[in-house]
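Source file: query01.pdb. Holds: PDB, C-alpha atoms and all ligand atoms.
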```pdb
ATOM      1  CA  MET S   1     -24.353  57.668 -61.870  1.00  0.00           C
ATOM      2  CA  THR S   2     -24.141  54.834 -59.377  1.00  0.00           C
ATOM      3  CA  GLN S   3     -22.747  51.665 -60.832  1.00  0.00           C
ATOM      4  CA  LEU S   4     -24.576  48.709 -59.376  1.00  0.00           C
ATOM      5  CA  ARG S   5     -23.628  45.154 -60.292  1.00  0.00           C
ATOM      6  CA  ILE S   6     -25.498  42.020 -59.327  1.00  0.00           C
ATOM      7  CA  GLY S   7     -24.078  38.506 -59.008  1.00  0.00           C
ATOM      8  CA  GLN S   8     -25.659  35.116 -58.467  1.00  0.00           C
ATOM      9  CA  GLY S   9     -24.208  31.995 -56.843  1.00  0.00           C
ATOM     10  CA  TYR S  10     -25.326  28.372 -56.580  1.00  0.00           C
ATOM     11  CA  ASP S  11     -23.681  25.423 -54.866  1.00  0.00           C
ATOM     12  CA  VAL S  12     -24.414  21.879 -53.775  1.00  0.00           C
ATOM     13  CA  HIS S  13     -22.542  19.533 -51.450  1.00  0.00           C
ATOM     14  CA  ARG S  14     -23.208  15.907 -50.664  1.00  0.00           C
ATOM     15  CA  LEU S  15     -24.184  14.885 -47.120  1.00  0.00           C
ATOM     16  CA  THR S  16     -22.127  12.118 -45.603  1.00  0.00           C
ATOM     17  CA  GLU S  17     -21.498  10.535 -42.222  1.00  0.00           C
ATOM     18  CA  GLY S  18     -18.416  11.409 -40.221  1.00  0.00           C
ATOM     19  CA  LYS S  19     -18.214  15.077 -41.240  1.00  0.00           C
ATOM     20  CA  PRO S  20     -19.263  18.183 -39.310  1.00  0.00           C
ATOM     21  CA  LEU S  21     -22.152  20.171 -40.789  1.00  0.00           C
ATOM     22  CA  ILE S  22     -21.008  23.776 -41.238  1.00  0.00           C
ATOM     23  CA  LEU S  23     -23.379  26.323 -42.753  1.00  0.00           C
ATOM     24  CA  GLY S  24     -22.699  30.041 -42.788  1.00  0.00           C
ATOM     25  CA  GLY S  25     -19.688  29.353 -40.576  1.00  0.00           C
ATOM     26  CA  VAL S  26     -21.875  27.788 -37.870  1.00  0.00           C
ATOM     27  CA  THR S  27     -21.308  24.197 -36.756  1.00  0.00           C
ATOM     28  CA  ILE S  28     -24.740  22.599 -36.669  1.00  0.00           C
ATOM     29  CA  ALA S  29     -25.744  19.587 -34.606  1.00  0.00           C
ATOM     30  CA  HIS S  30     -26.544  16.778 -37.079  1.00  0.00           C
ATOM     31  CA  ASP S  31     -25.590  13.145 -37.685  1.00  0.00           C
ATOM     32  CA  GLN S  32     -24.171  14.009 -41.118  1.00  0.00           C
ATOM     33  CA  GLY S  33     -22.034  16.740 -42.623  1.00  0.00           C
ATOM     34  CA  LEU S  34     -21.075  18.057 -46.035  1.00  0.00           C
ATOM     35  CA  LEU S  35     -18.322  16.537 -48.137  1.00  0.00           C
ATOM     36  CA  GLY S  36     -15.816  18.817 -49.855  1.00  0.00           C
ATOM     37  CA  HIS S  37     -12.212  19.910 -50.228  1.00  0.00           C
ATOM     38  CA  SER S  38     -12.672  22.876 -47.869  1.00  0.00           C
ATOM     39  CA  ASP S  39     -15.055  22.793 -44.892  1.00  0.00           C
ATOM     40  CA  ALA S  40     -17.785  22.363 -47.580  1.00  0.00           C
ATOM     41  CA  ASP S  41     -19.828  25.332 -46.320  1.00  0.00           C
ATOM     42  CA  VAL S  42     -22.291  25.336 -49.194  1.00  0.00           C
ATOM     43  CA  LEU S  43     -23.962  28.591 -48.112  1.00  0.00           C
ATOM     44  CA  VAL S  44     -20.722  30.564 -47.942  1.00  0.00           C
ATOM     45  CA  HIS S  45     -19.625  29.065 -51.279  1.00  0.00           C
ATOM     46  CA  ALA S  46     -22.802  30.379 -52.920  1.00  0.00           C
ATOM     47  CA  VAL S  47     -22.100  33.833 -51.447  1.00  0.00           C
ATOM     48  CA  ILE S  48     -18.504  33.770 -52.749  1.00  0.00           C
ATOM     49  CA  ASP S  49     -19.732  32.891 -56.245  1.00  0.00           C
ATOM     50  CA  ALA S  50     -22.338  35.654 -56.123  1.00  0.00           C
ATOM     51  CA  LEU S  51     -19.676  38.148 -55.029  1.00  0.00           C
ATOM     52  CA  LEU S  52     -17.232  37.099 -57.760  1.00  0.00           C
ATOM     53  CA  GLY S  53     -20.072  37.036 -60.273  1.00  0.00           C
ATOM     54  CA  ALA S  54     -21.048  40.621 -59.500  1.00  0.00           C
ATOM     55  CA  ALA S  55     -17.465  41.716 -60.136  1.00  0.00           C
ATOM     56  CA  ALA S  56     -17.274  39.444 -63.229  1.00  0.00           C
ATOM     57  CA  ILE S  57     -14.081  37.784 -62.047  1.00  0.00           C
ATOM     58  CA  GLY S  58     -14.838  34.108 -62.510  1.00  0.00           C
ATOM     59  CA  ASP S  59     -15.828  31.692 -59.782  1.00  0.00           C
ATOM     60  CA  ILE S  60     -14.782  30.067 -56.523  1.00  0.00           C
ATOM     61  CA  GLY S  61     -13.180  27.117 -58.302  1.00  0.00           C
ATOM     62  CA  GLU S  62     -10.824  29.484 -60.125  1.00  0.00           C
ATOM     63  CA  MET S  63      -9.946  31.554 -57.074  1.00  0.00           C
ATOM     64  CA  PHE S  64      -9.621  28.605 -54.655  1.00  0.00           C
ATOM     65  CA  PRO S  65      -8.973  25.448 -56.750  1.00  0.00           C
ATOM     66  CA  ASP S  66      -9.804  22.142 -55.058  1.00  0.00           C
ATOM     67  CA  THR S  67      -6.499  20.799 -56.368  1.00  0.00           C
ATOM     68  CA  ASP S  68      -4.661  23.274 -54.129  1.00  0.00           C
ATOM     69  CA  GLU S  69      -3.572  21.848 -50.765  1.00  0.00           C
ATOM     70  CA  ARG S  70      -3.761  25.342 -49.252  1.00  0.00           C
ATOM     71  CA  TRP S  71      -7.554  25.119 -49.297  1.00  0.00           C
ATOM     72  CA  ARG S  72      -7.884  21.596 -47.863  1.00  0.00           C
ATOM     73  CA  GLY S  73     -10.232  21.861 -44.893  1.00  0.00           C
ATOM     74  CA  ALA S  74     -10.252  25.654 -45.335  1.00  0.00           C
ATOM     75  CA  ASP S  75     -12.601  27.817 -43.290  1.00  0.00           C
ATOM     76  CA  SER S  76     -14.928  29.081 -46.019  1.00  0.00           C
ATOM     77  CA  LEU S  77     -15.641  32.314 -44.142  1.00  0.00           C
ATOM     78  CA  GLY S  78     -11.906  33.016 -44.477  1.00  0.00           C
ATOM     79  CA  LEU S  79     -12.188  32.385 -48.218  1.00  0.00           C
ATOM     80  CA  LEU S  80     -15.141  34.790 -48.370  1.00  0.00           C
ATOM     81  CA  ARG S  81     -13.090  37.433 -46.547  1.00  0.00           C
ATOM     82  CA  MET S  82     -10.232  36.932 -49.017  1.00  0.00           C
ATOM     83  CA  ALA S  83     -12.604  37.176 -51.991  1.00  0.00           C
ATOM     84  CA  ARG S  84     -14.132  40.342 -50.523  1.00  0.00           C
ATOM     85  CA  GLU S  85     -10.703  41.879 -49.911  1.00  0.00           C
ATOM     86  CA  SER S  86      -9.732  41.254 -53.534  1.00  0.00           C
ATOM     87  CA  LEU S  87     -12.558  43.587 -54.620  1.00  0.00           C
ATOM     88  CA  SER S  88     -11.189  46.889 -53.370  1.00  0.00           C
ATOM     89  CA  ASP S  89     -13.047  48.879 -56.049  1.00  0.00           C
ATOM     90  CA  TYR S  90     -16.446  47.832 -54.729  1.00  0.00           C
ATOM     91  CA  ALA S  91     -18.737  48.257 -51.735  1.00  0.00           C
ATOM     92  CA  VAL S  92     -21.115  45.423 -50.920  1.00  0.00           C
ATOM     93  CA  VAL S  93     -24.683  46.744 -50.908  1.00  0.00           C
ATOM     94  CA  ASN S  94     -26.451  43.578 -49.714  1.00  0.00           C
ATOM     95  CA  ALA S  95     -26.585  39.803 -49.943  1.00  0.00           C
ATOM     96  CA  ASP S  96     -29.657  37.583 -50.020  1.00  0.00           C
ATOM     97  CA  THR S  97     -29.326  33.824 -49.673  1.00  0.00           C
ATOM     98  CA  THR S  98     -31.366  30.626 -49.567  1.00  0.00           C
ATOM     99  CA  VAL S  99     -30.369  27.294 -48.029  1.00  0.00           C
ATOM    100  CA  VAL S 100     -32.279  24.250 -49.298  1.00  0.00           C
ATOM    101  CA  ALA S 101     -32.106  21.428 -46.749  1.00  0.00           C
ATOM    102  CA  GLN S 102     -34.666  18.818 -45.721  1.00  0.00           C
ATOM    103  CA  ALA S 103     -32.952  18.375 -42.329  1.00  0.00           C
ATOM    104  CA  PRO S 104     -31.929  19.386 -39.740  1.00  0.00           C
ATOM    105  CA  LYS S 105     -34.039  22.340 -38.675  1.00  0.00           C
ATOM    106  CA  LEU S 106     -31.813  25.338 -39.340  1.00  0.00           C
ATOM    107  CA  SER S 107     -33.856  28.246 -37.964  1.00  0.00           C
ATOM    108  CA  PRO S 108     -32.087  28.232 -34.559  1.00  0.00           C
ATOM    109  CA  TYR S 109     -28.818  28.945 -36.409  1.00  0.00           C
ATOM    110  CA  ARG S 110     -30.087  31.591 -38.816  1.00  0.00           C
ATOM    111  CA  ALA S 111     -29.031  34.676 -36.833  1.00  0.00           C
ATOM    112  CA  ALA S 112     -25.489  33.346 -36.311  1.00  0.00           C
ATOM    113  CA  MET S 113     -25.125  32.466 -40.023  1.00  0.00           C
ATOM    114  CA  ARG S 114     -26.293  35.936 -40.990  1.00  0.00           C
ATOM    115  CA  GLU S 115     -23.895  37.593 -38.570  1.00  0.00           C
ATOM    116  CA  ASN S 116     -20.920  35.523 -39.791  1.00  0.00           C
ATOM    117  CA  ILE S 117     -21.579  36.286 -43.458  1.00  0.00           C
ATOM    118  CA  ALA S 118     -22.075  39.990 -42.746  1.00  0.00           C
ATOM    119  CA  LYS S 119     -18.834  40.143 -40.785  1.00  0.00           C
ATOM    120  CA  ALA S 120     -16.879  38.418 -43.562  1.00  0.00           C
ATOM    121  CA  LEU S 121     -18.362  40.838 -46.113  1.00  0.00           C
ATOM    122  CA  GLY S 122     -17.581  43.800 -43.858  1.00  0.00           C
ATOM    123  CA  ILE S 123     -21.200  45.003 -43.725  1.00  0.00           C
ATOM    124  CA  GLU S 124     -23.932  45.273 -41.095  1.00  0.00           C
ATOM    125  CA  ASP S 125     -26.067  42.198 -40.646  1.00  0.00           C
ATOM    126  CA  THR S 126     -29.158  44.185 -41.651  1.00  0.00           C
ATOM    127  CA  ARG S 127     -27.739  43.951 -45.204  1.00  0.00           C
ATOM    128  CA  VAL S 128     -27.592  40.150 -45.176  1.00  0.00           C
ATOM    129  CA  ASN S 129     -30.543  37.770 -45.347  1.00  0.00           C
ATOM    130  CA  VAL S 130     -30.562  33.997 -44.880  1.00  0.00           C
ATOM    131  CA  LYS S 131     -33.688  32.171 -46.062  1.00  0.00           C
ATOM    132  CA  LEU S 132     -34.293  28.538 -45.182  1.00  0.00           C
ATOM    133  CA  THR S 133     -36.432  26.154 -47.176  1.00  0.00           C
ATOM    134  CA  THR S 134     -36.989  22.521 -48.086  1.00  0.00           C
ATOM    135  CA  GLU S 135     -37.971  21.000 -51.414  1.00  0.00           C
ATOM    136  CA  GLU S 136     -40.859  19.128 -49.808  1.00  0.00           C
ATOM    137  CA  GLY S 137     -39.082  15.772 -49.875  1.00  0.00           C
ATOM    138  CA  LEU S 138     -38.365  16.022 -53.616  1.00  0.00           C
ATOM    139  CA  GLY S 139     -35.037  15.532 -55.344  1.00  0.00           C
ATOM    140  CA  PHE S 140     -31.583  15.238 -53.783  1.00  0.00           C
ATOM    141  CA  THR S 141     -32.219  17.763 -51.034  1.00  0.00           C
ATOM    142  CA  GLY S 142     -35.522  16.115 -50.202  1.00  0.00           C
ATOM    143  CA  SER S 143     -33.956  12.661 -49.870  1.00  0.00           C
ATOM    144  CA  GLY S 144     -31.209  14.072 -47.658  1.00  0.00           C
ATOM    145  CA  ALA S 145     -28.477  13.251 -50.184  1.00  0.00           C
ATOM    146  CA  GLY S 146     -27.227  16.836 -50.169  1.00  0.00           C
ATOM    147  CA  ILE S 147     -27.771  20.474 -49.323  1.00  0.00           C
ATOM    148  CA  ALA S 148     -28.016  23.294 -51.888  1.00  0.00           C
ATOM    149  CA  ALA S 149     -27.624  27.034 -51.487  1.00  0.00           C
ATOM    150  CA  GLN S 150     -28.238  30.069 -53.647  1.00  0.00           C
ATOM    151  CA  ALA S 151     -27.159  33.662 -53.185  1.00  0.00           C
ATOM    152  CA  VAL S 152     -27.321  37.039 -54.834  1.00  0.00           C
ATOM    153  CA  VAL S 153     -24.940  39.867 -53.986  1.00  0.00           C
ATOM    154  CA  LEU S 154     -25.235  43.478 -55.087  1.00  0.00           C
ATOM    155  CA  LEU S 155     -22.073  45.548 -55.425  1.00  0.00           C
ATOM    156  CA  GLU S 156     -21.617  49.250 -55.972  1.00  0.00           C
ATOM    157  CA  ARG S 157     -18.538  50.371 -57.831  1.00  0.00           C
ATOM    158  CA  LEU S 158     -16.647  53.023 -55.880  1.00  0.00           C
TER     159      LEU S 158
HETATM  160 MG    MG K   1     -18.771  24.301 -52.837  1.00  0.00          MG
END
```
Rewrite the structure of this file - the entire thing - as structure tokens.
Amino acid sequence: MTQLRIGQGYDVHRLTEGKPLILGGVTIAHDQGLLGHSDADVLVHAVIDALLGAAAIGDIGEMFPDTDERWRGADSLGLLRMARESLSDYAVVNADTTVVAQAPKLSPYRAAMRENIAKALGIEDTRVNVKLTTEEGLGFTGSGAGIAAQAVVLLERL
């Protein structure tokens, strides 16, 4: 019997001036960026939490604590690769993600984000999806105070 396990991830980071905006490992042209201990890549953080959730091994804050100087300014795709490599008993089946941002327009970057996440997970990019949406001006994403991301990852136990 195949053993499939699903995991879900959710993350939010605050937008601020004077920081680069990095989503899915892609540096995006914008007048604001995300604030965080690492590079604050909210999309990749959601994928890491979904991956760890599927394996039932806690969350990103446990694996990469923001009190640890090793992870200051860390490339989140590198963290995703490390998280993936810690799960040697599993194959990644697919990942589906959603970025919630009022601005900037992210569709020109979608293919590169997808490719980066797939590469870090060690799977073909046909197994990764990046959806882009707004919350129609409502709430903290709508006001431009922050960006949110959600992800689900399916694992198969080897
Ligand atoms: Mg985060």
Determine, counting all atoms listed in the file, which protein, DNA and RNA residues have an atom within 10 Å of an atom of segment 56-62 of chain S; residues of the same chain fewer than 3 positions away are not included. Present the result as a PDB file with C-alpha atoms, in the coordinates of the input.
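Now in out_37.pdb:
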```pdb
ATOM      1  CA  ARG S   5     -23.628  45.154 -60.292  1.00  0.00           C
ATOM      2  CA  ILE S   6     -25.498  42.020 -59.327  1.00  0.00           C
ATOM      3  CA  GLY S   7     -24.078  38.506 -59.008  1.00  0.00           C
ATOM      4  CA  GLY S   9     -24.208  31.995 -56.843  1.00  0.00           C
ATOM      5  CA  HIS S  45     -19.625  29.065 -51.279  1.00  0.00           C
ATOM      6  CA  ALA S  46     -22.802  30.379 -52.920  1.00  0.00           C
ATOM      7  CA  VAL S  47     -22.100  33.833 -51.447  1.00  0.00           C
ATOM      8  CA  ILE S  48     -18.504  33.770 -52.749  1.00  0.00           C
ATOM      9  CA  ASP S  49     -19.732  32.891 -56.245  1.00  0.00           C
ATOM     10  CA  ALA S  50     -22.338  35.654 -56.123  1.00  0.00           C
ATOM     11  CA  LEU S  51     -19.676  38.148 -55.029  1.00  0.00           C
ATOM     12  CA  LEU S  52     -17.232  37.099 -57.760  1.00  0.00           C
ATOM     13  CA  GLY S  53     -20.072  37.036 -60.273  1.00  0.00           C
ATOM     14  CA  PRO S  65      -8.973  25.448 -56.750  1.00  0.00           C
ATOM     15  CA  ASP S  66      -9.804  22.142 -55.058  1.00  0.00           C
ATOM     16  CA  THR S  67      -6.499  20.799 -56.368  1.00  0.00           C
ATOM     17  CA  LEU S  79     -12.188  32.385 -48.218  1.00  0.00           C
ATOM     18  CA  LEU S  80     -15.141  34.790 -48.370  1.00  0.00           C
ATOM     19  CA  ALA S  83     -12.604  37.176 -51.991  1.00  0.00           C
ATOM     20  CA  LEU S  87     -12.558  43.587 -54.620  1.00  0.00           C
TER      21      LEU S  87
END
```
What would the selection look like, as a ChimeraX atom specification, if the PyMOL selection byres (((chain S and resi 21) around 9) and not hetatm) were run on the coordinates I just shared?
/S:15,19-20,22-23,26-34,39-41
How would the residues just chosen look if you wrote them out with C-alpha atoms as a short mmCIF file (atom, residue, chain, number, x, y, z; two decimals), in the frame of the given file?
```cif
data_model
loop_
_atom_site.label_atom_id
_atom_site.label_comp_id
_atom_site.auth_asym_id
_atom_site.auth_seq_id
_atom_site.Cartn_x
_atom_site.Cartn_y
_atom_site.Cartn_z
CA LEU S 15 -24.18 14.88 -47.12
CA LYS S 19 -18.21 15.08 -41.24
CA PRO S 20 -19.26 18.18 -39.31
CA ILE S 22 -21.01 23.78 -41.24
CA LEU S 23 -23.38 26.32 -42.75
CA VAL S 26 -21.88 27.79 -37.87
CA THR S 27 -21.31 24.20 -36.76
CA ILE S 28 -24.74 22.60 -36.67
CA ALA S 29 -25.74 19.59 -34.61
CA HIS S 30 -26.54 16.78 -37.08
CA ASP S 31 -25.59 13.14 -37.68
CA GLN S 32 -24.17 14.01 -41.12
CA GLY S 33 -22.03 16.74 -42.62
CA LEU S 34 -21.08 18.06 -46.04
CA ASP S 39 -15.06 22.79 -44.89
CA ALA S 40 -17.78 22.36 -47.58
CA ASP S 41 -19.83 25.33 -46.32
#
```
Within 7 Å of Asp125 of chain S using all atoms listed in the file, minus same-chain residues under 3 positions, as a VMD selection string:
chain S and resid 114 to 115 118 128
Counting only C-alpha atoms, which residues have an atom no more than 8 Å from (-31.3, 18.9, -42.5) in the file's coordinates? Please list them as a list in words.
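Residues with an atom close enough to that point: His30, Ala101, Gln102, Ala103, Pro104, Lys105, Leu106, Gly144 and Ile147 of chain S.
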Which residue is closest to ligand MG 1 (chain K)? Choose from S:Thr2, S:Ser143, S:Thr133, S:Gln150 and count only C-alpha atoms and all ligand atoms.
S:Gln150
Let me make sure I understand: among S:Thr98, S:Ala149, S:Gly18, S:Glu124, which one has the smallest atom-to-atom distance to ligand MG 1 (chain K) if we use only C-alpha atoms and all ligand atoms?
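Ranked by minimum distance to ligand MG 1 (chain K), first place goes to S:Ala149.
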Selected residue, from S:Ala148, S:Ile123, S:Met113, S:Val130, that lies nearest to ligand MG 1 (chain K) when counting all atoms listed in the file:
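For ligand MG 1 (chain K), the nearest of the given residues is S:Ala148.
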Kindly indicate which residue among S:Leu158, S:Val100, S:Met63, S:Arg72 lies nearest to Ser86 of chain S, using only C-alpha atoms for the distances.
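Between S:Leu158, S:Val100, S:Met63, S:Arg72, the residue approaching Ser86 of chain S most closely is S:Met63.
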Taking into account all atoms listed in the file, which residue in the set S:Leu35, S:Val93, S:Leu132, S:Ala55 is nearest to Pro108 of chain S?
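Nearest to Pro108 of chain S: S:Leu132.
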Among the residues S:Gln3, S:Ser107, S:Ser38, S:Thr126, the one that comes closest to Asp75 of chain S [using only C-alpha atoms]
S:Ser38
